[in-house]
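Structure file data-v2.txt; described as compact mmCIF, C-alpha atoms.
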# COMPACT_ATOMS: atom_id res chain seq x y z
CA MET A 1 -31.25 9.11 -12.07
CA THR A 2 -27.95 7.83 -10.73
CA SER A 3 -26.97 5.41 -7.97
CA SER A 4 -23.66 4.69 -6.29
CA LEU A 5 -21.94 3.28 -9.37
CA THR A 6 -24.44 3.17 -12.19
CA SER A 7 -27.89 4.39 -13.11
CA ARG A 8 -30.81 2.39 -14.44
CA PRO A 9 -30.31 1.77 -18.15
CA PHE A 10 -32.64 3.81 -20.33
CA ILE A 11 -35.39 1.92 -22.12
CA ALA A 12 -35.46 2.61 -25.82
CA GLU A 13 -36.01 0.94 -29.14
CA ASP A 14 -32.35 1.15 -30.06
CA THR A 15 -31.16 0.93 -33.61
CA PRO A 16 -28.62 -1.92 -33.91
CA ILE A 17 -25.09 -0.52 -33.65
CA LEU A 18 -22.08 -2.21 -35.13
CA PRO A 19 -19.34 -3.21 -32.63
CA TRP A 20 -16.73 -1.23 -34.55
CA ASP A 21 -18.72 1.99 -34.48
CA ASN A 22 -16.48 4.77 -33.15
CA GLY A 23 -19.20 6.23 -30.92
CA ASN A 24 -18.57 3.77 -28.08
CA PRO A 25 -18.90 5.92 -24.90
CA LEU A 26 -16.46 3.86 -22.79
CA LEU A 27 -13.89 3.49 -25.54
CA ALA A 28 -13.58 7.25 -25.85
CA ASN A 29 -11.94 7.48 -22.39
CA VAL A 30 -8.99 5.14 -22.96
CA PRO A 31 -5.82 5.80 -24.96
CA LEU A 32 -5.19 4.48 -28.44
CA VAL A 33 -2.77 1.59 -28.89
CA PRO A 34 0.67 3.25 -28.92
CA SER A 35 3.66 2.40 -31.06
CA LEU A 36 6.57 0.55 -29.50
CA ALA A 37 8.64 3.75 -29.51
CA GLU A 38 5.89 5.57 -27.63
CA THR A 39 5.62 2.85 -25.00
CA LEU A 40 9.37 2.80 -24.41
CA TYR A 41 9.37 6.57 -24.07
CA TRP A 42 6.57 6.36 -21.54
CA LEU A 43 8.09 3.48 -19.54
CA GLU A 44 11.45 5.20 -19.21
CA GLU A 45 11.90 6.90 -15.83
CA LYS A 46 13.97 10.06 -16.17
CA TYR A 47 15.59 11.27 -12.99
CA ASP A 48 16.35 14.68 -14.49
CA SER A 49 12.63 15.46 -14.85
CA VAL A 50 12.00 15.20 -11.10
CA ASP A 51 11.21 18.39 -9.22
CA LEU A 52 14.08 18.93 -6.75
CA THR A 53 13.11 22.38 -5.50
CA GLY A 54 14.08 22.90 -1.87
CA LEU A 55 15.57 19.41 -1.36
CA SER A 56 18.79 18.66 0.49
CA PRO A 57 21.58 16.70 -1.30
CA ALA A 58 20.54 13.48 0.47
CA GLU A 59 16.92 13.99 -0.56
CA ILE A 60 18.03 14.67 -4.13
CA VAL A 61 19.94 11.37 -4.25
CA LEU A 62 17.00 9.41 -2.82
CA ARG A 63 14.45 11.03 -5.10
CA GLN A 64 16.48 10.83 -8.30
CA CYS A 65 17.52 7.22 -7.69
CA ALA A 66 13.86 6.23 -7.28
CA HIS A 67 13.09 7.63 -10.73
CA VAL A 68 15.47 5.68 -12.92
CA HIS A 69 14.13 2.91 -15.13
CA ILE A 70 15.44 1.86 -18.54
CA PRO A 71 12.79 -0.37 -20.12
CA ARG A 72 13.30 -3.34 -22.41
CA ALA A 73 11.38 -3.91 -25.61
CA GLU A 74 9.43 -6.73 -23.93
CA GLU A 75 8.01 -4.24 -21.42
CA GLY A 76 6.85 -2.02 -24.25
CA ALA A 77 5.24 -5.01 -25.94
CA ALA A 78 3.42 -5.89 -22.72
CA LEU A 79 2.07 -2.35 -22.39
CA ARG A 80 0.92 -2.29 -26.01
CA LEU A 81 -0.83 -5.65 -25.58
CA SER A 82 -2.55 -4.44 -22.40
CA VAL A 83 -3.95 -1.34 -24.11
CA ALA A 84 -5.02 -3.35 -27.16
CA MET A 85 -6.89 -5.83 -24.96
CA VAL A 86 -8.59 -3.03 -23.01
CA ARG A 87 -9.86 -1.49 -26.22
CA ASP A 88 -10.96 -4.85 -27.59
CA SER A 89 -12.80 -5.57 -24.33
CA LEU A 90 -14.63 -2.23 -24.34
CA ARG A 91 -15.79 -2.83 -27.91
CA ASP A 92 -17.59 -5.93 -26.64
CA ARG A 93 -18.82 -4.08 -23.52
CA ASP A 94 -20.47 -1.30 -25.48
CA LEU A 95 -23.13 0.46 -23.39
CA ARG A 96 -25.13 1.14 -26.55
CA PHE A 97 -25.95 -2.60 -26.71
CA PRO A 98 -29.22 -3.29 -24.83
CA ASP A 99 -28.07 -6.74 -23.68
CA TYR A 100 -24.93 -5.33 -22.09
CA ARG A 101 -26.83 -2.52 -20.36
CA ASP A 102 -29.21 -5.13 -18.95
CA TYR A 103 -26.23 -7.15 -17.74
CA VAL A 104 -24.77 -4.10 -15.97
CA TRP A 105 -28.05 -3.38 -14.27
CA ALA A 106 -28.48 -7.01 -13.22
CA SER A 107 -24.96 -6.89 -11.73
CA HIS A 108 -25.89 -3.73 -9.84
CA ASN A 109 -29.00 -5.41 -8.41
CA LEU A 110 -26.95 -8.43 -7.39
CA LEU A 111 -24.71 -6.23 -5.26
CA HIS A 112 -27.35 -4.02 -3.65
CA ARG A 113 -30.58 -5.91 -3.27
CA LYS A 114 -31.69 -6.84 0.23
CA ARG A 115 -30.33 -10.13 1.52
CA GLY A 116 -32.45 -12.75 3.25
CA THR A 117 -31.50 -14.64 6.38
CA LEU A 118 -29.94 -17.39 4.27
CA GLY A 119 -27.89 -14.96 2.23
CA HIS A 120 -28.04 -14.29 -1.49
CA ASN A 121 -29.68 -16.73 -3.84
CA PHE A 122 -28.84 -15.58 -7.33
CA PRO A 123 -27.92 -17.41 -10.52
CA ALA A 124 -24.24 -17.42 -11.42
CA THR A 125 -25.21 -16.39 -14.94
CA TYR A 126 -25.45 -12.85 -13.61
CA ALA A 127 -21.65 -12.84 -13.76
CA ILE A 128 -21.38 -13.85 -17.42
CA ALA A 129 -21.10 -10.80 -19.65
CA PRO A 130 -22.41 -10.85 -23.22
CA ARG A 131 -19.61 -11.58 -25.70
CA ALA A 132 -17.15 -12.15 -22.84
CA LYS A 133 -13.88 -13.95 -23.57
CA SER A 134 -10.59 -14.46 -21.77
CA ARG A 135 -8.09 -11.61 -21.92
CA GLY A 136 -5.00 -12.16 -19.83
CA ILE A 137 -1.42 -10.89 -19.96
CA VAL A 138 1.27 -12.60 -17.87
CA VAL A 139 4.53 -10.67 -17.53
CA ALA A 140 7.21 -12.75 -15.81
CA MET A 141 10.36 -11.09 -14.54
CA PRO A 142 12.80 -11.86 -11.75
CA VAL A 143 12.90 -9.80 -8.57
CA ARG A 144 14.99 -6.61 -8.45
CA MET A 145 14.07 -5.86 -12.06
CA GLY A 146 11.60 -3.00 -11.52
CA ARG A 147 8.26 -4.82 -11.23
CA THR A 148 6.62 -2.06 -9.19
CA THR A 149 7.94 0.63 -11.52
CA PHE A 150 6.49 -1.24 -14.48
CA ALA A 151 3.09 -1.50 -12.77
CA ASN A 152 3.22 2.22 -11.95
CA SER A 153 3.94 3.06 -15.57
CA VAL A 154 1.11 0.91 -16.94
CA GLU A 155 -1.38 2.48 -14.53
CA SER A 156 -0.03 5.93 -15.34
CA PHE A 157 -0.39 5.28 -19.07
CA MET A 158 -4.04 4.28 -18.73
CA TYR A 159 -4.87 7.53 -16.94
CA GLU A 160 -2.42 10.11 -18.21
CA TYR A 161 -1.20 9.25 -21.68
CA GLU A 162 -1.32 12.01 -24.28
CA ALA A 163 -0.67 11.56 -27.96
CA ASP A 164 1.99 14.28 -27.97
CA PRO A 165 5.34 12.37 -28.00
CA GLN A 166 7.12 15.47 -26.69
CA ALA A 167 4.97 15.68 -23.55
CA SER A 168 6.71 14.66 -20.36
CA PRO A 169 4.84 11.81 -18.61
CA ARG A 170 5.84 13.20 -15.21
CA ALA A 171 4.31 16.61 -15.94
CA GLN A 172 0.83 15.34 -16.69
CA ASN A 173 -2.23 15.01 -14.49
CA LEU A 174 -1.71 12.62 -11.58
CA THR A 175 -5.36 11.81 -10.93
CA ARG A 176 -6.44 8.17 -10.70
CA ALA A 177 -10.12 8.83 -10.05
CA PRO A 178 -12.95 7.18 -12.00
CA VAL A 179 -14.58 9.22 -14.73
CA ILE A 180 -18.30 9.75 -15.35
CA THR A 181 -19.59 8.64 -18.72
CA ARG A 182 -23.02 9.70 -20.00
CA VAL A 183 -24.84 7.42 -22.43
CA GLU A 184 -27.63 9.19 -24.27
CA SER A 185 -30.58 8.07 -26.40
CA PRO A 186 -33.69 9.69 -27.84
CA HIS A 187 -35.59 8.63 -24.69
CA GLY A 188 -33.18 9.61 -21.92
CA PHE A 189 -29.69 9.06 -20.61
CA ALA A 190 -27.74 7.15 -17.97
CA GLU A 191 -24.54 8.08 -16.16
CA HIS A 192 -21.93 5.42 -15.44
CA MET A 193 -18.74 5.47 -13.39
CA GLN A 194 -15.79 4.18 -15.42
CA LEU A 195 -12.62 2.94 -13.72
CA LYS A 196 -9.79 2.72 -16.22
CA CYS A 197 -7.39 0.67 -14.10
CA LEU A 198 -7.34 -1.12 -10.74
CA ARG A 199 -4.18 -2.39 -9.02
CA MET A 200 -4.14 -5.04 -6.33
CA HIS A 201 -1.61 -7.31 -4.64
CA TRP A 202 -1.66 -11.08 -4.79
CA PRO A 203 -2.61 -12.31 -1.28
CA VAL A 204 0.34 -13.24 0.91
CA ASP A 205 -1.24 -16.59 1.80
CA GLY A 206 -2.49 -17.18 -1.74
CA THR A 207 -6.03 -17.99 -0.59
CA PRO A 208 -9.31 -17.06 -2.31
CA ALA A 209 -10.40 -15.14 0.82
CA GLY A 210 -7.18 -13.14 0.70
CA PHE A 211 -7.72 -12.40 -2.99
CA THR A 212 -11.25 -11.16 -2.30
CA GLU A 213 -10.03 -8.96 0.54
CA SER A 214 -7.26 -7.47 -1.61
CA PHE A 215 -9.64 -6.77 -4.49
CA LEU A 216 -12.22 -5.13 -2.24
CA GLY A 217 -9.57 -3.02 -0.52
CA ALA A 218 -8.32 -1.67 -3.85
CA PHE A 219 -11.89 -1.11 -5.06
CA ASN A 220 -12.96 0.71 -1.91
CA ASN A 221 -9.94 2.98 -2.18
CA LYS A 222 -11.02 4.05 -5.67
CA PHE A 223 -14.72 4.60 -5.01
CA GLN A 224 -14.74 5.37 -1.27
CA THR A 225 -17.19 2.52 -0.74
CA ASP A 226 -17.41 0.08 2.16
CA TYR A 227 -17.74 -3.28 0.44
CA SER A 228 -14.80 -4.60 2.48
CA SER A 229 -16.96 -4.34 5.62
CA THR A 230 -19.17 -7.04 4.13
CA GLU A 231 -16.38 -9.35 3.01
CA ARG A 232 -17.44 -11.97 5.56
CA SER A 233 -21.06 -11.88 4.45
CA PRO A 234 -22.43 -14.45 2.00
CA LEU A 235 -22.07 -11.88 -0.77
CA PHE A 236 -18.25 -12.19 -0.85
CA ARG A 237 -17.80 -15.70 0.48
CA GLY A 238 -17.64 -19.16 -1.00
CA ARG A 239 -19.44 -19.74 -4.28
CA TYR A 240 -20.77 -16.18 -4.34
CA ALA A 241 -17.34 -14.50 -4.31
CA VAL A 242 -16.64 -14.92 -8.03
CA PRO A 243 -19.94 -13.51 -9.36
CA SER A 244 -19.81 -10.70 -6.79
CA LEU A 245 -16.30 -9.59 -7.78
CA CYS A 246 -17.27 -9.85 -11.44
CA SER A 247 -20.32 -7.69 -10.73
CA LEU A 248 -18.21 -5.02 -9.03
CA ALA A 249 -15.92 -4.90 -12.04
CA ALA A 250 -18.89 -4.76 -14.41
CA VAL A 251 -20.77 -1.90 -12.73
CA SER A 252 -17.54 0.12 -12.46
CA HIS A 253 -16.74 -0.57 -16.13
CA LEU A 254 -13.23 -1.59 -15.17
CA GLY A 255 -10.74 -1.29 -18.01
CA LEU A 256 -7.71 -3.23 -16.71
CA LEU A 257 -7.02 -5.23 -13.55
CA ILE A 258 -3.35 -5.35 -12.52
CA ILE A 259 -2.26 -8.07 -10.08
CA GLU A 260 1.26 -7.62 -8.76
CA ARG A 261 3.61 -8.96 -6.06
CA VAL A 262 3.18 -12.58 -7.14
CA ASN A 263 6.23 -14.35 -5.73
CA TYR A 264 7.22 -17.99 -5.40
CA GLU A 265 6.57 -18.13 -1.66
CA ASN A 266 3.04 -16.72 -2.14
CA VAL A 267 1.84 -19.41 -4.56
CA GLN A 268 2.73 -22.50 -2.53
CA SER A 269 -0.46 -22.44 -0.48
CA LEU A 270 -2.79 -25.44 -0.83
CA HIS A 271 -5.48 -23.01 -1.95
CA ALA A 272 -3.36 -21.06 -4.46
CA ASP A 273 -4.60 -23.18 -7.37
CA THR A 274 -8.16 -22.22 -6.47
CA THR A 275 -7.17 -18.56 -6.41
CA TRP A 276 -5.62 -18.89 -9.86
CA GLY A 277 -8.89 -20.41 -11.00
CA ILE A 278 -10.77 -17.38 -9.67
CA VAL A 279 -8.49 -15.03 -11.62
CA GLY A 280 -9.00 -17.08 -14.77
CA HIS A 281 -12.78 -17.14 -14.24
CA PHE A 282 -12.79 -13.38 -13.65
CA THR A 283 -11.45 -12.53 -17.10
CA LYS A 284 -13.38 -15.34 -18.79
CA LEU A 285 -16.74 -14.30 -17.30
CA THR A 286 -16.34 -10.53 -17.64
CA GLY A 287 -14.07 -10.13 -20.65
CA ILE A 288 -12.00 -7.64 -18.62
CA PRO A 289 -8.22 -7.85 -19.25
CA VAL A 290 -6.02 -8.94 -16.35
CA LEU A 291 -2.32 -8.03 -16.29
CA ILE A 292 -0.35 -10.29 -13.93
CA ILE A 293 3.17 -9.24 -12.97
CA ILE A 294 4.76 -12.39 -11.59
CA THR A 295 8.23 -13.73 -10.90
CA THR A 296 9.50 -16.48 -13.16
CA GLY A 297 9.66 -18.86 -10.21
CA ALA A 298 6.03 -18.27 -9.27
CA ALA A 299 4.91 -18.65 -12.87
CA ALA A 300 6.85 -21.87 -13.39
CA TYR A 301 5.67 -23.38 -10.11
CA SER A 302 1.99 -22.47 -10.21
CA LEU A 303 0.99 -22.05 -13.85
CA SER A 304 2.91 -24.90 -15.49
CA HIS A 305 0.42 -27.48 -14.15
CA LEU A 306 -2.76 -25.42 -14.70
CA PRO A 307 -3.42 -25.60 -18.46
CA GLY A 308 -6.93 -24.14 -18.21
CA VAL A 309 -5.76 -21.16 -16.20
CA ILE A 310 -2.75 -20.45 -18.39
CA GLY A 311 -5.08 -20.59 -21.39
CA ASP A 312 -7.24 -17.88 -19.82
CA LEU A 313 -4.45 -15.71 -18.46
CA ALA A 314 -1.83 -15.99 -21.19
CA PRO A 315 -3.60 -16.67 -24.49
CA ALA A 316 -0.76 -14.89 -26.31
CA GLY A 317 1.95 -16.63 -24.27
CA VAL A 318 3.99 -15.44 -21.29
CA ILE A 319 6.06 -12.30 -21.79
CA GLU A 320 9.41 -12.78 -20.03
CA ILE A 321 11.68 -9.90 -18.99
CA ARG A 322 15.24 -11.16 -18.53
CA PRO A 323 18.25 -9.53 -16.88
CA PRO A 324 21.22 -8.75 -19.15
CA LYS A 325 23.47 -11.71 -19.86
CA HIS A 326 26.75 -9.80 -19.98
CA TRP A 327 28.19 -6.54 -18.74
CA ARG A 328 28.75 -5.40 -22.33
CA ASP A 329 24.98 -5.45 -22.96
CA PRO A 330 24.07 -1.88 -24.12
CA HIS A 331 20.98 -2.01 -21.93
CA TRP A 332 23.09 -2.70 -18.84
CA ILE A 333 25.55 0.07 -19.70
CA ALA A 334 22.63 2.50 -20.08
CA ILE A 335 21.32 1.45 -16.66
CA CYS A 336 24.75 2.02 -15.08
CA ASN A 337 25.05 5.44 -16.69
CA SER A 338 21.63 6.60 -15.54
CA LEU A 339 21.99 5.31 -11.99
CA PHE A 340 25.46 6.80 -11.60
CA ASP A 341 24.29 10.19 -12.84
CA ALA A 342 21.27 10.09 -10.51
CA THR A 343 23.36 9.29 -7.40
CA LEU A 344 27.07 10.07 -7.46
CA GLY A 345 26.60 12.37 -10.41
CA ALA A 346 24.35 14.50 -8.22
CA LEU A 347 27.40 14.98 -5.93
CA ASP A 348 29.50 16.35 -8.79
CA MET A 349 31.56 13.16 -9.08
CA GLY A 350 31.92 13.51 -12.83
CA GLU A 351 31.05 10.89 -15.43
CA MET A 352 30.64 7.17 -14.85
CA PRO A 353 34.00 5.35 -14.63
CA ALA A 354 34.70 2.94 -17.47
CA TRP A 355 35.16 0.05 -15.03
CA LEU A 356 31.74 0.39 -13.38
CA PRO A 357 29.57 -1.76 -15.72
CA GLN A 358 31.85 -4.79 -15.48
CA THR A 359 32.48 -4.52 -11.73
CA ALA A 360 28.81 -3.84 -11.00
CA PHE A 361 27.77 -6.86 -13.07
CA GLU A 362 30.18 -9.11 -11.17
CA ILE A 363 28.56 -8.09 -7.88
CA THR A 364 24.90 -7.72 -8.85
CA TRP A 365 24.61 -10.11 -11.84
CA GLY A 366 22.75 -7.44 -13.80
CA TYR A 367 19.83 -6.73 -11.45
CA PRO A 368 19.13 -2.97 -11.68
CA SER A 369 17.60 -2.57 -8.22
CA LEU A 370 20.72 -4.01 -6.58
CA LEU A 371 22.95 -1.55 -8.42
CA ALA A 372 20.62 1.28 -7.42
CA ARG A 373 20.85 0.19 -3.79
CA ALA A 374 24.65 0.05 -3.93
CA LEU A 375 25.15 3.45 -5.56
CA ARG A 376 22.55 5.05 -3.30
CA SER A 377 24.25 3.74 -0.16
CA ILE A 378 27.66 4.97 -1.35
CA ALA A 379 26.31 8.44 -2.16
CA LEU A 380 24.54 8.76 1.20
CA PHE A 381 27.66 7.58 3.07
CA MET A 382 29.78 10.18 1.28
CA LEU A 383 27.34 12.90 2.28
CA THR A 384 27.40 11.68 5.88
CA VAL A 385 31.21 11.72 6.27
CA ASN A 386 31.70 14.62 3.84
CA THR A 387 34.27 12.63 1.83
CA PHE A 388 33.91 12.41 -1.93
CA THR A 389 36.50 9.85 -3.05
CA PHE A 390 35.31 7.08 -5.35
CA ASP A 391 37.23 4.23 -6.94
CA GLU A 392 36.73 0.56 -7.79
CA SER A 393 37.83 -0.76 -4.39
CA ILE A 394 35.39 1.54 -2.57
CA PHE A 395 32.58 0.45 -4.87
CA ARG A 396 33.33 -3.26 -4.37
CA SER A 397 33.41 -2.89 -0.61
CA TYR A 398 30.21 -0.89 -0.20
CA ALA A 399 28.27 -2.61 -2.99
CA THR A 400 28.98 -6.01 -1.46
CA GLN A 401 27.84 -4.73 1.92
CA ALA A 402 24.68 -3.19 0.43
CA CYS A 403 23.74 -6.53 -1.17
CA VAL A 404 24.51 -8.68 1.86
CA LEU A 405 20.87 -9.68 2.45
CA ASP A 406 20.70 -11.04 -1.09
CA SER A 407 24.16 -12.61 -1.06
CA GLN A 408 22.88 -16.19 -0.82
CA HIS A 409 20.81 -15.68 -3.96
CA LEU A 410 23.65 -13.93 -5.80
CA ASN A 411 26.12 -16.69 -4.89
CA ALA A 412 23.67 -19.34 -6.09
CA ILE A 413 23.05 -17.44 -9.33
CA GLY A 414 26.79 -17.40 -9.95
CA ILE A 415 27.04 -21.15 -9.46
CA ILE A 416 23.99 -21.87 -11.63
CA ARG A 417 25.10 -19.61 -14.50
CA GLN A 418 28.75 -20.60 -14.48
CA LYS A 419 28.23 -24.36 -14.15
CA GLY A 420 24.95 -24.49 -16.06
CA VAL A 421 23.43 -27.16 -13.81
CA ALA A 422 21.91 -27.32 -10.35
CA ASN A 423 19.68 -29.66 -8.40
CA PRO A 424 15.92 -28.88 -8.36
CA SER A 425 16.01 -27.93 -4.69
CA ARG A 426 18.57 -25.19 -5.28
CA LEU A 427 16.70 -23.96 -8.36
CA TRP A 428 13.39 -23.61 -6.55
CA ARG A 429 15.00 -21.95 -3.54
CA HIS A 430 16.26 -19.15 -5.78
CA SER A 431 13.58 -19.35 -8.49
CA ASP A 432 12.36 -15.76 -8.08
CA TRP A 433 15.77 -14.62 -9.36
CA LEU A 434 16.12 -16.96 -12.32
CA THR A 435 14.88 -17.09 -15.91
CA PHE A 436 12.66 -19.78 -17.40
CA ASN A 437 15.64 -21.21 -19.23
CA GLU A 438 17.57 -21.56 -15.98
CA LEU A 439 14.52 -23.14 -14.33
CA SER A 440 13.85 -25.54 -17.19
CA LEU A 441 15.39 -28.48 -15.34
CA ALA A 442 13.11 -28.00 -12.35
CA TYR A 443 9.75 -26.52 -13.21
CA THR A 444 8.36 -29.75 -14.67
CA VAL A 445 8.58 -31.18 -11.14
CA PRO A 446 7.34 -28.40 -8.81
CA THR A 447 8.44 -29.85 -5.50
CA LEU A 448 11.11 -29.18 -2.94
CA ASN A 449 11.62 -32.86 -2.05
What do you get writing this file as structure tokens?
Amino acid sequence: MTSSLTSRPFIAEDTPILPWDNGNPLLANVPLVPSLAETLYWLEEKYDSVDLTGLSPAEIVLRQCAHVHIPRAEEGAALRLSVAMVRDSLRDRDLRFPDYRDYVWASHNLLHRKRGTLGHNFPATYAIAPRAKSRGIVVAMPVRMGRTTFANSVESFMYEYEADPQASPRAQNLTRAPVITRVESPHGFAEHMQLKCLRMHWPVDGTPAGFTESFLGAFNNKFQTDYSSTERSPLFRGRYAVPSLCSLAAVSHLGLLIIERVNYENVQSLHADTTWGIVGHFTKLTGIPVLIIITTGAAAYSLSHLPGVIGDLAPAGVIEIRPPKHWRDPHWIAICNSLFDATLGALDMGEMPAWLPQTAFEITWGYPSLLARALRSIALFMLTVNTFTFDESIFRSYATQACVLDSQHLNAIGIIRQKGVANPSRLWRHSDWLTFNELSLAYTVPTLN
């Protein structure tokens, strides 16, 4: 009695069940809300836990360097909030409630019933879930701060987390497949596919059509469906796109939607505001949490003038991840230590030199990915020429060369932070690299004129 994503809800005279009852079938498949210490342990990437069997020295450097991430407390708070919202959402989307089962089945019919020549004619109320409310989390961080690594860790936590604090996150099951949940009653049962987490990219052009295409592509990859082949049909176009995407999320019992790669240049489209409205409507109509990983520039430019959207997507406020302010910051020193050990340390170059944190900060301004790029390039060059001499002058030379494509941003950051002022045009041009405090003089007037 199953279909592609859900089966027909059983018909029974159900006894009323309290929302906080611990027998919720969907809630049983997601992790409990972790402590801050547990989240930081999970978010930390440990290069020494990577399997290096059979790898050459160059491969070891590349692989270890890709697995270094020292999280901040704000990242742990964002992960905890995401899990808490998922659990709160699933309490409201309890499959033991008859009204919610009817909603799921109505959503399934919306997606699969035969279309007429004029397309679908269905009421938008099909997309409004019982007890739905907005659940959004906006995490703003500059580029080169580990945005993709953070998204990887959140997705990994939703699928792989175990309560054992001694368990290595990298040694656990790597599956990301949906799970099958059976809901039973005295009169029968129904099987439902539950997707704990779905990741998608913000569309490059920022348009609603691009958002729909990105969502469908990520969804098809999880369920091996072909909804993307119908993206130009009335089902996923115009006014029908929002209820259709909401219906897909409902019938898959989606736990968390992650939207990443939201940069300043991607939110300047004339239609980007409409796309933000779709994201806000998605969480408001379904009650499904949405985690948005966005640069500070994109957040300041696009969300500062959309009070309704920011109310839906950041009801608890925006969580900002900032780069270290000074080379003496213990967090920065820990980053330098880990990256050095993962790259030059793998070549038996000893311990990190005492001068590295200060010199690296002067060149990279505290952006971890830039330091990783610099140390990786030095290590690979040493392996190429078979010369293993390392000092401050060598680091300055090669680190500056490794960061040459970002030099205009780094030079501007130096001017902005040292002088404390800059014209709005300069601020917006480099806004993906800056903090909200540094953008405060510009984001109230989001224009490049």
ask   = If you count only C-alpha atoms, which residues fall within 10 Å of Arg131 of chain A, apart from same-chain ones fewer than 5 positions away, as a ChimeraX atom specification?
value = /A:89,91-93,99-100,285-287
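Taking atom CA of Arg80 of chain A and atom CA of Arg199 of chain A as endpoints, the distance between them is 17.7 Å.
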Each segment 231-342 of chain A residue no farther than 10 Å from segment 202-222 of chain A, nearest pair in Å, all atoms listed in the file, as CSV:
residue,atom,partner,partner_atom,distance
A:Glu231,CA,A:Glu213,CA,6.8
A:Arg232,CA,A:Ala209,CA,9.1
A:Phe236,CA,A:Thr212,CA,7.2
A:Arg237,CA,A:Ala209,CA,7.4
A:Gly238,CA,A:Ala209,CA,8.5
A:Ala241,CA,A:Thr212,CA,7.2
A:Val242,CA,A:Thr212,CA,8.7
A:Ser244,CA,A:Thr212,CA,9.7
A:Leu245,CA,A:Thr212,CA,7.6
A:Leu248,CA,A:Phe219,CA,8.4
A:Ala249,CA,A:Phe219,CA,8.9
A:Ser252,CA,A:Phe219,CA,9.4
A:Leu257,CA,A:Phe215,CA,9.6
A:Ile258,CA,A:Trp202,CA,9.8
A:Ile259,CA,A:Trp202,CA,6.1
A:Glu260,CA,A:Trp202,CA,6.0
A:Arg261,CA,A:Trp202,CA,5.8
A:Val262,CA,A:Trp202,CA,5.6
A:Asn263,CA,A:Trp202,CA,8.6
A:Glu265,CA,A:Val204,CA,8.3
A:Asn266,CA,A:Val204,CA,5.4
A:Val267,CA,A:Gly206,CA,5.6
A:Gln268,CA,A:Gly206,CA,7.5
A:Ser269,CA,A:Gly206,CA,5.8
A:Leu270,CA,A:Thr207,CA,8.1
A:His271,CA,A:Thr207,CA,5.2
A:Ala272,CA,A:Gly206,CA,4.8
A:Asp273,CA,A:Gly206,CA,8.5
A:Thr274,CA,A:Pro208,CA,6.7
A:Thr275,CA,A:Pro208,CA,4.9
A:Trp276,CA,A:Pro208,CA,8.6
A:Gly277,CA,A:Pro208,CA,9.3
A:Ile278,CA,A:Pro208,CA,7.5
A:Val279,CA,A:Phe211,CA,9.1
A:Ile292,CA,A:Trp202,CA,9.3
A:Ile293,CA,A:Trp202,CA,9.7
A:Ile294,CA,A:Trp202,CA,9.4
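Checking A:Thr435, A:Ser35, A:Thr149, A:Ser134 one by one against Ala77 of chain A, counting all atoms listed in the file, you find the shortest gap at A:Ser35.
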Among the residues A:Asn29, A:Gln224, A:Thr343, A:Asn437, the one that comes closest to Lys196 of chain A [using only C-alpha atoms] = A:Asn29
request  = Can you pull out every residue within 7 Å of segment 374-387 of chain A, counting all atoms listed in the file, but drop anything in the same chain fewer than 4 positions away, and send it as a list in words?
outcome  = Ala58, Val61, Phe340, Thr343, Leu344, Leu370, Tyr398, Ala399 and Ala402 of chain A
ask   = Do you have the atom CA of Leu32 of chain A-atom CA of Cys246 of chain A distance handy?
value = 25.3 Å
message = Taking 4 positions as the minimum chain separation for residues in the same chain, which residues sit within 8 Å of segment 37-52 of chain A when counting all atoms listed in the file? Answer as a list in words.
response = Ile60, Arg63, Gln64, Cys65, Ala66, His67, Val68, His69, Ile70, Pro71, Arg72, Ala73, Glu75, Gly76, Ala77, Leu79, Arg80, Phe150, Ser153, Val154, Phe157, Pro165, Pro169, Arg170 and Ala342 of chain A
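Computed from the coordinates, the atom CA of Pro178 of chain A to atom CA of Leu195 of chain A distance equals 4.6 Å.
In terms of minimum interatomic distance to Ser56 of chain A, A:Ala346 ranks closest within A:Ala412, A:Ala346, A:Leu339, A:Asp391, counting all atoms listed in the file.
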inquiry  = List as number ranges by chain the protein and nucleic acid residues near segment 351-365 of chain A, meaning an atom at most 7 Å away when all atoms listed in the file are counted, but skip any in the same chain fewer than 5 places from it.
reply    = A: 327, 333, 336-337, 340, 345, 370-371, 400
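Distances here use only C-alpha atoms; by that measure, the residue among A:Ala151, A:Met145, A:Val251, A:Val290 closest to Pro324 of chain A is A:Met145.
Counting all atoms listed in the file, the residue from A:Leu410, A:Thr296, A:Glu191, A:Pro315 that sits nearest to Arg147 of chain A is A:Thr296.
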